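Chemist: Let me give you the structure first, and then I'll get to my questions.
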Amino acid sequence: MQEDVEFKREVCVIGVKVKDKLFGAEDPLSKEIQIGKDRYTVIGVLKRKDRDFLASIGSIGGEDANDRVIVPISTYQHKHNTEMVGHIQAEAVAVSSAKAAAQEIKEILSRRHRGQYIYESQTLQQYIETANTIIMIVSWIGGIAAAVSLVVGGIGIMNIMTISVVERTREIGIRKALGARKSDIRLQFLSESVFISLSGGVIGTGVGITLISIIQVLSHKPRLLAPEYVAVALIVSILTGIFSGIYPALRAASLNPVEALRYE
C-alpha cells in the first residue's frame with residue numbers, strides 16, 4: 001500500500017512457494033519472517049502463477065514468480081542505503097497491450113529523468129512469442145525427419161516385397177494355375193506390405209507411449225498423451241504399407257502363369 005511505502009514499514013508480500021516452505025497450511029498473515037538481519041511482517045500472499053515452463057523464467061532474470069518476497073521500495077532503499085532501482089515490474093490489463101504499456105513506462109521514466117538513463121523492457125508476451133517460434137521450428141524439423149523416415153521405411157518395404165515377388169514367382173504361378181485372379185494376388189501382397197508397415201507402426205507407437213508416460217509421471221503433468229495422435233500414427237502406418245506395396249502387388253499380379261511355373 002502507499003502508506004507502507006511512505007512510512008518505510010517493514011512489511012512484505014510473499015509468493016505461494018515461500019508461504020508453503022515457511023508456514024505450510026498455516027495462515028501467514030501478521031506473522032514475521034527474517035531476511036538476513038531484518039524482520040518483516042507478512043501482509044499478503046501473491047496468487048499462484050501457473051505458466052508451465054515459463055514459470056521457470058519468472059518475471060525477471062530467471063526468478064520463479066511463485067518463489068519471491070516483495071517489500072516496499074522505500075524500506076529496501078533505506079535499509080541498504082541506496083536509491084538505485086534495478087527494475088520495475090508492471091502488469092498490463094491484457095496481453096495485447098503489454099508491449100505498448102512497457103513502451104509508455106519507458107517514455108515516462110525517460111522524461112522524468114531527462115534522458116539520463118537508457119531503459120530496456122521485456123514482456124512475457126515476448127517470451128511466449130519466442131517459445132512459440134522455437135516450438136514451431138522444432139515441429140517443422142520433427143515433421144521433416146518423420147517424412148524422411150516414412151519415405152525411407154516405405155522404400156525399404158517396397159524393396160522387401162519386390163524381392164519377395166521374385167522369390168515367390170513359382171508360388172504365384174501355381175496360385176494362378178489353380179484359379180487365383182489378379183485381384184487375389186494384388187490383395188495378398190498388399191496385405192503383407194500393410195502388415196509389415198503396421199507392425200513397425202505399432203512397435204514405434206508403443207515405444208512412444210511408454211516414453212511419454214514416463215515423462216508425464218516425472219513432470220507431474222495431467223495429460224501429455226493425445227489419443228488422436230496415436231490413431232493418426234497407426235493410419236499413417238497403414239497408408240505407408242499400401243503405397244509401398246502397390247508396385248510389388250501389381251508386378252506379382254501381372255506375371256504370366258506359364259512363365260511363372262517355369263521359373264526356377
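Here, A, B, ... name the chains of the C-alpha cells in the order displayed, residue numbers run from 1 inside each chain, and ligands are numbered from 1 in the same displayed order.
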Mind the document's chain letters and residue numbers, and return as a ChimeraX atom specification the residues of region 8-248 of chain A that DSSP labels alpha helix (DSSP H).
Modeler: /A:16-23,54-57,73-80,98-112,124-167,169-177,182-219,227-248
Chemist: So that I can check the secondary structure, give me every residue of region 28-175 of chain A assigned strand (DSSP E or B) by backbone DSSP, as a ChimeraX atom specification.
Modeler: /A:32-35,38-45,69-70
Chemist: Name the residues in contact with region 153-162 of chain A at a cut-off of 6 Å, using only C-alpha atoms, excluding same-chain residues fewer than 2 positions from it; report them as an mmCIF file with C-alpha atoms, in the first residue's frame.
Modeler:
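Output file out_18.cif follows:
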```
data_model
loop_
_atom_site.group_PDB
_atom_site.id
_atom_site.type_symbol
_atom_site.label_atom_id
_atom_site.label_comp_id
_atom_site.auth_asym_id
_atom_site.auth_seq_id
_atom_site.Cartn_x
_atom_site.Cartn_y
_atom_site.Cartn_z
ATOM 1 C CA SER A 149 11.794 -41.703 -42.131
ATOM 2 C CA LEU A 150 8.472 -42.630 -43.763
ATOM 3 C CA VAL A 151 9.968 -42.392 -47.253
ATOM 4 C CA SER A 164 9.521 -61.472 -52.192
ATOM 5 C CA VAL A 165 7.701 -61.380 -55.547
ATOM 6 C CA SER A 244 4.802 -49.225 -50.613
ATOM 7 C CA GLY A 245 3.064 -52.420 -51.656
ATOM 8 C CA PRO A 248 5.177 -55.208 -55.919
#
```
Chemist: Would you compute the distance between CA of Val258 (chain A) and CA of Arg175 (chain A)? Give it in Å to one decimal.
Modeler: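 Here the two named atoms are 11.3 Å from each other.
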Chemist: Report the distance between CA of Arg9 (chain A) and CA of Glu83 (chain A) in Å, rounded to one decimal place.
Modeler: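 These atoms are spaced 16.6 Å apart.
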Chemist: Just how far from CA of Ala92 (chain A) is CA of Val45 (chain A), in Å to one decimal?
Modeler: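 CA of Val45 (chain A) sits 20.0 Å away from CA of Ala92 (chain A).
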Chemist: Would you pick out the contacts of His80 (chain A) at 12 Å or less, using only C-alpha atoms, so that residues sharing its chain but fewer than 5 positions from it are not included, and give the list as a PyMOL selection string?
Modeler: chain A and resi 36-38+73-75+85
Chemist: Counting only C-alpha atoms, which residue out of A:Ile174, A:Ile209, A:Ala249, A:Ala180 sits closest to Leu261 (chain A)?
Modeler: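 The closest residue to Leu261 (chain A) is A:Ile174.
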Chemist: Compile the contact shell of Asp27 (chain A) as an MDAnalysis selection string: residues with an atom at most 12 Å away, counting only C-alpha atoms, same-chain residues fewer than 5 positions apart removed.
Modeler: chainID A and resid 16 19:20 22 32 42:45
Chemist: Save out the residues we just selected, N, CA and C atoms, as a compact mmCIF listing (two decimals), in the first residue's frame.
Modeler:
```txt
# COMPACT_ATOMS: atom_id res chain seq x y z
N VAL A 16 3.54 -17.97 -3.13
CA VAL A 16 2.93 -19.18 -2.56
C VAL A 16 3.96 -20.22 -2.17
N LYS A 19 5.37 -19.18 1.13
CA LYS A 19 4.36 -19.46 2.14
C LYS A 19 4.34 -20.94 2.51
N ASP A 20 4.40 -21.82 1.49
CA ASP A 20 4.38 -23.25 1.75
C ASP A 20 5.64 -23.71 2.50
N LEU A 22 7.63 -21.89 4.52
CA LEU A 22 7.78 -21.34 5.87
C LEU A 22 6.60 -21.62 6.79
N GLU A 32 5.87 -12.98 11.19
CA GLU A 32 7.12 -12.38 10.76
C GLU A 32 8.02 -13.41 10.08
N VAL A 42 4.36 -10.27 7.41
CA VAL A 42 3.66 -10.69 6.19
C VAL A 42 2.28 -10.05 6.16
N ILE A 43 1.99 -9.31 5.09
CA ILE A 43 0.67 -8.68 4.97
C ILE A 43 -0.12 -9.22 3.77
N GLY A 44 0.47 -10.14 3.04
CA GLY A 44 -0.26 -10.70 1.90
C GLY A 44 0.49 -11.84 1.25
N VAL A 45 -0.27 -12.62 0.48
CA VAL A 45 0.31 -13.74 -0.28
C VAL A 45 -0.07 -13.56 -1.75
```
Chemist: For Thr123 (chain A), work out the shell of residues within 8 Å, counting only C-alpha atoms and skipping chain neighbours fewer than 6 positions away, then give it as a list in words.
Modeler: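 With the cut-off at 8 Å, the set is Ala98, Lys99 and Ala102 of chain A.
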Chemist: Just want the 9 Å neighbourhood of Phe243 (chain A), counted on only C-alpha atoms, with same-chain residues fewer than 4 positions away dropped. Output as a ChimeraX atom specification.
Modeler: /A:154,158,190,193-194,238-239,247
Chemist: May I have the selected residues written with N, CA and C atoms, as a CSV table (one decimal), in the first residue's frame?
Modeler:
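Contents of selection_3.csv, freshly written:
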```
chain,number,residue,atom,x,y,z
A,154,GLY,N,9.2,-46.7,-46.3
A,154,GLY,CA,8.4,-47.1,-47.4
A,154,GLY,C,9.2,-47.8,-48.5
A,158,MET,N,9.0,-51.6,-49.9
A,158,MET,CA,8.8,-51.9,-51.3
A,158,MET,C,9.9,-52.8,-51.8
A,190,LEU,N,-0.5,-56.8,-51.1
A,190,LEU,CA,-0.8,-55.5,-50.4
A,190,LEU,C,-1.0,-55.8,-48.9
A,193,SER,N,2.3,-56.2,-47.2
A,193,SER,CA,3.0,-55.0,-47.1
A,193,SER,C,2.4,-54.1,-45.9
A,194,VAL,N,1.1,-54.1,-45.9
A,194,VAL,CA,0.4,-53.4,-44.8
A,194,VAL,C,0.8,-54.0,-43.4
A,238,ILE,N,-0.5,-47.6,-41.9
A,238,ILE,CA,-1.3,-48.4,-42.9
A,238,ILE,C,-1.2,-47.8,-44.3
A,239,LEU,N,-1.3,-46.5,-44.4
A,239,LEU,CA,-1.2,-45.9,-45.7
A,239,LEU,C,0.2,-46.1,-46.3
A,247,TYR,N,3.4,-51.2,-56.1
A,247,TYR,CA,4.2,-51.7,-57.2
A,247,TYR,C,4.5,-53.2,-57.1
```
Chemist: Nearest to Gly241 (chain A) among A:Val207, A:Leu29, A:Ile196, A:Ile212, with distances taken over only C-alpha atoms: which residue is it?
Modeler: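 Comparing A:Val207, A:Leu29, A:Ile196, A:Ile212 against Gly241 (chain A), the winner is A:Ile196.
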Chemist: Let me make sure I understand: among A:Lys49, A:Lys79, A:Arg223, A:Arg112, which one has the smallest atom-to-atom distance to Asn66 (chain A) if we use only C-alpha atoms?
Modeler: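 Closest to Asn66 (chain A) of all the choices is A:Lys49.
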